[in-house]
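Encoded as structure tokens, the structure appears first; notes follow it.
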Amino acid sequence: MTYAAITGWGKCMPPAVLTNADLATFLDTNDEWITSRTGIKERRISHVPLSDLAYVSTMRALACAGLDPADVELIVFGCCSYDDQVPNQASGLQAQLGAKKAASMDVNTACTSFLYSLSTAAALIRTGVVKNAVVVGGEIITAYMDWKNRGVAVLFGDGCASVVLQATDKEEGLLAEKLGCDSDARSTLVVEGMGCRYANQGRILGHTNWIFEGPEIFKRAVLGMSGACADVLEKRHLTADQIDLVIPHQANLRIIDATAKRLDMPMDRVIVTVDRHGNTSSGSVPLALDEAVRSGRVQRGQLVLLEAFGGGFTWG
Ligand code: UT7
């Protein structure tokens, strides 16, 4: 049987930092509210296109794996804030890398785009379609932010991370996944202005209006992620105490905490980066994974549980 091992990882964070105090200079908000409701202290704002962040994070991941860009067979780019809709984000990365042999596709499931991309790439490796893949999760969501809306402007930030997957006979890498979508409540998270539905309405491109019902999203996030985690544990006949580390979507510290409680997982086994990154959408899980590996929190042979939720509502 063929498995998909994670053999490389890399990230690229834009250098410009936007703190809670900075936000309070133009929004009716304050550090105390943002910190106590979300755990976020600061986030990054990119001055370059997403393709540049992705090029750097992917070159780092390829160097880590010892894989030549010319030998990459597949690029799956998870995001919803593309530089361009056509041509797609993955083909731009293929060009920058010189990865001429790589099939190149984008996957958009909002904040879960990285997990959906990881699962897609792993499936194509397991079935022998390709032998390796680059999987990217990255976003410049601040380009679509409504900076007058304090309910959302304080939550999000930019960033990008990549992993390399390679085929192996050893039972390692991605062992089980559960993906799902709860579309009943999809109208509670809508970025109006992102999409051709808004054409010919006299709108200025990038001027968005966010419909964002925070408490409803919060509730569904906890249920979606804890349900998906329980499902993969059951698939592998594991209990929560056998999991070495949880790497959750970094949207809100209270969501991370509530999901951990439902899983009976102590917070010292949960990676938290939301304080420094905010919610980077599809960048969130691979950025936290990269930090966890680099800081030594992930060791060879450990069991790691990744969880995310996003607009749609998608979860995994
Ligand atoms: O990746 C998917 C993304 N989605 C999410 O992660 C969002 C999930 N939801 C959440 O994280 C939380 O619901 C929020 C952080 C968005 C909001 O926290 P909450 O505890 O659910 O607050 P709330 O929406 O119930 O708002 C409480 C109050 C309101 O004032 P009133 O009506 O009670 O007077 C808001 O107007 O807080 C006010 N408020 C703010 N005050 C200061 C909302 N945003 C701010 C702000 N600064 N930035």
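A note on labels: chains of the structure tokens are A, B, ... as shown, every chain counts residues from 1, and ligands are counted from 1 in their shown order.
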Note to self: Based on the backbone DSSP call, show me all residues of stretch 52-105 of chain A assigned helix (DSSP H, G or I), as a count of residues only.
What the structure shows: 26
Next item on the list: Find the residues around stretch 225-235 of chain A up to 12 Å (only C-alpha atoms counted), leave out those fewer than 6 positions away in its own chain, and share them as a count of residues only.
Entry: 44
Stretch 163-167 of chain A: which residues within 6 Å, counting only C-alpha atoms, same-chain residues fewer than 5 positions away excluded, as a compact mmCIF listing (two decimals) with N, CA, C and O atoms, in the first residue's frame?
```txt
# COMPACT_ATOMS: atom_id res chain seq x y z
N TYR A 3 1.50 5.25 0.83
CA TYR A 3 1.09 6.35 1.72
C TYR A 3 1.72 7.66 1.22
O TYR A 3 2.64 7.63 0.41
N ALA A 4 1.21 8.78 1.73
CA ALA A 4 1.74 10.10 1.37
C ALA A 4 2.41 10.72 2.60
O ALA A 4 1.72 11.17 3.53
N ALA A 5 3.76 10.70 2.61
CA ALA A 5 4.50 11.24 3.75
C ALA A 5 4.76 12.73 3.56
O ALA A 5 5.00 13.18 2.43
N ILE A 6 4.72 13.47 4.65
CA ILE A 6 5.09 14.90 4.60
C ILE A 6 6.60 14.97 4.80
O ILE A 6 7.11 14.65 5.87
N THR A 7 7.33 15.37 3.73
CA THR A 7 8.80 15.35 3.79
C THR A 7 9.42 16.75 3.79
O THR A 7 10.62 16.89 3.92
N GLY A 8 8.61 17.78 3.62
CA GLY A 8 9.15 19.14 3.63
C GLY A 8 8.09 20.13 4.07
O GLY A 8 6.89 19.89 3.90
N TRP A 9 8.54 21.25 4.64
CA TRP A 9 7.61 22.27 5.12
C TRP A 9 8.33 23.61 5.07
O TRP A 9 9.55 23.69 5.21
N ALA A 61 10.11 24.60 1.51
CA ALA A 61 9.60 23.23 1.71
C ALA A 61 10.34 22.24 0.81
O ALA A 61 10.67 21.12 1.23
N LYS A 131 3.71 10.84 -7.87
CA LYS A 131 4.58 10.31 -6.80
C LYS A 131 4.87 11.36 -5.73
O LYS A 131 5.34 11.04 -4.64
N ASN A 132 4.64 12.61 -6.08
CA ASN A 132 4.89 13.66 -5.08
C ASN A 132 3.98 14.85 -5.37
O ASN A 132 3.39 14.95 -6.46
N ALA A 133 3.90 15.75 -4.40
CA ALA A 133 3.05 16.94 -4.57
C ALA A 133 3.53 18.06 -3.65
O ALA A 133 4.05 17.79 -2.56
N VAL A 134 3.35 19.29 -4.14
CA VAL A 134 3.48 20.47 -3.28
C VAL A 134 2.05 20.89 -2.92
O VAL A 134 1.20 21.00 -3.81
N VAL A 135 1.80 21.10 -1.63
CA VAL A 135 0.48 21.57 -1.20
C VAL A 135 0.68 22.91 -0.48
O VAL A 135 1.49 23.00 0.45
```
Checklist line | Surrounding residues as a ChimeraX atom specification, ligand 1, max 9 Å, only C-alpha atoms and all ligand atoms | finding: /A:23-24,27-34,36-38,110-112,149-156,189,212-221,249-255,279-282,308-311,313
Suppose we keep C-alpha atoms; can you now write the selection as a PDB file, in the first residue's frame?
```pdb
ATOM      1  CA  LEU A  23      -6.299  48.974  14.714  1.00  0.00           C
ATOM      2  CA  ALA A  24      -7.590  51.114  17.571  1.00  0.00           C
ATOM      3  CA  LEU A  27     -11.590  51.582  14.528  1.00  0.00           C
ATOM      4  CA  ASP A  28     -13.751  51.801  17.646  1.00  0.00           C
ATOM      5  CA  THR A  29     -11.958  48.887  19.341  1.00  0.00           C
ATOM      6  CA  ASN A  30      -9.232  48.186  21.878  1.00  0.00           C
ATOM      7  CA  ASP A  31      -6.583  45.622  22.793  1.00  0.00           C
ATOM      8  CA  GLU A  32      -8.569  44.401  25.807  1.00  0.00           C
ATOM      9  CA  TRP A  33     -11.661  43.505  23.709  1.00  0.00           C
ATOM     10  CA  ILE A  34      -9.688  41.831  20.906  1.00  0.00           C
ATOM     11  CA  SER A  36     -10.217  38.664  25.587  1.00  0.00           C
ATOM     12  CA  ARG A  37     -12.649  37.695  22.747  1.00  0.00           C
ATOM     13  CA  THR A  38     -10.119  36.204  20.285  1.00  0.00           C
ATOM     14  CA  ALA A 110     -12.213  29.047   2.320  1.00  0.00           C
ATOM     15  CA  CYS A 111     -10.313  28.512   5.582  1.00  0.00           C
ATOM     16  CA  THR A 112     -10.195  24.711   5.130  1.00  0.00           C
ATOM     17  CA  ASN A 149     -16.121  46.787  10.063  1.00  0.00           C
ATOM     18  CA  ARG A 150     -14.599  46.216  13.512  1.00  0.00           C
ATOM     19  CA  GLY A 151     -16.401  42.865  13.746  1.00  0.00           C
ATOM     20  CA  VAL A 152     -14.115  41.321  11.114  1.00  0.00           C
ATOM     21  CA  ALA A 153     -11.165  43.682  10.519  1.00  0.00           C
ATOM     22  CA  VAL A 154      -9.567  42.686  13.839  1.00  0.00           C
ATOM     23  CA  LEU A 155      -9.704  38.948  13.073  1.00  0.00           C
ATOM     24  CA  PHE A 156      -7.721  38.311   9.881  1.00  0.00           C
ATOM     25  CA  LEU A 189     -20.342  34.014   6.322  1.00  0.00           C
ATOM     26  CA  PHE A 212     -20.312  37.577   9.400  1.00  0.00           C
ATOM     27  CA  GLU A 213     -22.491  36.174  12.188  1.00  0.00           C
ATOM     28  CA  GLY A 214     -19.693  35.553  14.687  1.00  0.00           C
ATOM     29  CA  PRO A 215     -21.531  33.623  17.435  1.00  0.00           C
ATOM     30  CA  GLU A 216     -23.239  31.281  14.885  1.00  0.00           C
ATOM     31  CA  ILE A 217     -19.909  30.620  13.128  1.00  0.00           C
ATOM     32  CA  PHE A 218     -18.273  30.023  16.511  1.00  0.00           C
ATOM     33  CA  LYS A 219     -20.823  27.343  17.473  1.00  0.00           C
ATOM     34  CA  ARG A 220     -20.642  25.529  14.136  1.00  0.00           C
ATOM     35  CA  ALA A 221     -16.829  25.653  14.112  1.00  0.00           C
ATOM     36  CA  HIS A 249      -7.231  26.288  12.543  1.00  0.00           C
ATOM     37  CA  GLN A 250      -6.207  29.552  14.200  1.00  0.00           C
ATOM     38  CA  ALA A 251      -9.383  31.657  14.110  1.00  0.00           C
ATOM     39  CA  ASN A 252     -10.029  32.360  17.774  1.00  0.00           C
ATOM     40  CA  LEU A 253      -8.364  31.091  20.967  1.00  0.00           C
ATOM     41  CA  ARG A 254     -11.801  30.471  22.518  1.00  0.00           C
ATOM     42  CA  ILE A 255     -12.780  28.213  19.575  1.00  0.00           C
ATOM     43  CA  ASN A 279      -6.815  34.148  11.213  1.00  0.00           C
ATOM     44  CA  THR A 280      -4.828  33.579   8.004  1.00  0.00           C
ATOM     45  CA  SER A 281      -7.623  31.419   6.518  1.00  0.00           C
ATOM     46  CA  SER A 282      -6.062  28.583   4.491  1.00  0.00           C
ATOM     47  CA  ALA A 308     -10.052  23.321  10.424  1.00  0.00           C
ATOM     48  CA  PHE A 309     -13.363  24.947   9.488  1.00  0.00           C
ATOM     49  CA  GLY A 310     -14.268  27.691   7.049  1.00  0.00           C
ATOM     50  CA  GLY A 311     -16.909  29.449   4.972  1.00  0.00           C
ATOM     51  CA  PHE A 313     -19.309  25.814   6.127  1.00  0.00           C
TER      52      PHE A 313
END
```
Margin query: Nearest residue to A:Glu139 out of A:Leu205, A:Ile271, A:Ala185, A:Cys79, using only C-alpha atoms?
Written below: A:Cys79
Margin query: Given only C-alpha atoms as the basis, pick out the residue of A:Ala122, A:Tyr198, A:Ile141, A:Met13 nearest to A:Glu291.
Written below: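 Between A:Ala122, A:Tyr198, A:Ile141, A:Met13, the residue approaching A:Glu291 most closely is A:Met13.
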Item checked: Given only C-alpha atoms as the counted atoms, nearest of A:Ala21, A:Ala143, A:Val270, A:Ala54 to A:His207 -> A:Ala143
Checklist line | Counting only C-alpha atoms, the option among A:Trp147, A:Phe26, A:Trp210, A:Phe114 closest to A:Ser284 | finding: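 So, comparing all the options, the nearest one is A:Phe114.
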Checklist line | Close residues, A:Ala161 itself excluded, 8 Å, only C-alpha atoms, min 5 positions apart in chain, as a ChimeraX atom specification | finding: /A:9-12,54,57-58,136-138,283,286-287,290
Can I get the selection written as a tab-separated table (two decimals), in the first residue's frame, with C-alpha atoms?
```tsv
chain	number	residue	atom	x	y	z
A	9	TRP	CA	7.61	22.27	5.12
A	10	GLY	CA	8.19	25.99	4.82
A	11	LYS	CA	6.45	29.28	5.47
A	12	CYS	CA	6.59	32.92	4.41
A	54	ALA	CA	3.97	31.03	-2.02
A	57	SER	CA	7.36	29.08	1.31
A	58	THR	CA	7.47	26.40	-1.41
A	136	VAL	CA	0.12	25.27	-0.39
A	137	GLY	CA	-2.18	27.09	2.03
A	138	GLY	CA	-1.94	30.85	1.80
A	283	GLY	CA	-2.58	29.61	5.70
A	286	PRO	CA	0.27	24.82	7.57
A	287	LEU	CA	1.80	27.92	9.23
A	290	ASP	CA	5.70	24.64	10.21
```
Next item on the list: Excluding A:Val107 and any residue of its chain fewer than 6 positions from it, enumerate the residues within 9 Å of it, using only C-alpha atoms, and give them as a PyMOL selection string.
Entry: chain A and resi 76-80+113-114+116-117
I need the residues from that last selection saved to file as a PDB file, in the first residue's frame (with N, CA and C atoms), if you can.
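part-v3.pdb written:
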```
ATOM      1  N   VAL A  76      -1.036  21.637  -5.588  1.00  0.00           N
ATOM      2  CA  VAL A  76      -2.418  21.937  -5.203  1.00  0.00           C
ATOM      3  C   VAL A  76      -2.358  23.183  -4.318  1.00  0.00           C
ATOM      4  N   PHE A  77      -3.002  24.246  -4.767  1.00  0.00           N
ATOM      5  CA  PHE A  77      -2.926  25.537  -4.068  1.00  0.00           C
ATOM      6  C   PHE A  77      -4.275  25.805  -3.410  1.00  0.00           C
ATOM      7  N   GLY A  78      -4.300  25.773  -2.090  1.00  0.00           N
ATOM      8  CA  GLY A  78      -5.535  26.031  -1.347  1.00  0.00           C
ATOM      9  C   GLY A  78      -5.638  27.491  -0.962  1.00  0.00           C
ATOM     10  N   CYS A  79      -6.650  28.188  -1.501  1.00  0.00           N
ATOM     11  CA  CYS A  79      -6.850  29.590  -1.117  1.00  0.00           C
ATOM     12  C   CYS A  79      -8.181  30.101  -1.667  1.00  0.00           C
ATOM     13  N   CYS A  80      -8.611  31.276  -1.186  1.00  0.00           N
ATOM     14  CA  CYS A  80      -9.796  31.913  -1.758  1.00  0.00           C
ATOM     15  C   CYS A  80      -9.510  33.352  -2.171  1.00  0.00           C
ATOM     16  N   SER A 113      -9.169  25.291   2.985  1.00  0.00           N
ATOM     17  CA  SER A 113      -8.603  24.962   1.662  1.00  0.00           C
ATOM     18  C   SER A 113      -7.317  24.142   1.773  1.00  0.00           C
ATOM     19  N   PHE A 114      -6.507  24.402   2.805  1.00  0.00           N
ATOM     20  CA  PHE A 114      -5.268  23.610   2.927  1.00  0.00           C
ATOM     21  C   PHE A 114      -5.592  22.148   3.237  1.00  0.00           C
ATOM     22  N   TYR A 116      -8.355  20.427   2.629  1.00  0.00           N
ATOM     23  CA  TYR A 116      -8.956  19.806   1.436  1.00  0.00           C
ATOM     24  C   TYR A 116      -7.867  19.540   0.384  1.00  0.00           C
ATOM     25  N   SER A 117      -6.922  20.470   0.237  1.00  0.00           N
ATOM     26  CA  SER A 117      -5.835  20.301  -0.742  1.00  0.00           C
ATOM     27  C   SER A 117      -4.928  19.142  -0.354  1.00  0.00           C
TER      28      SER A 117
END
```
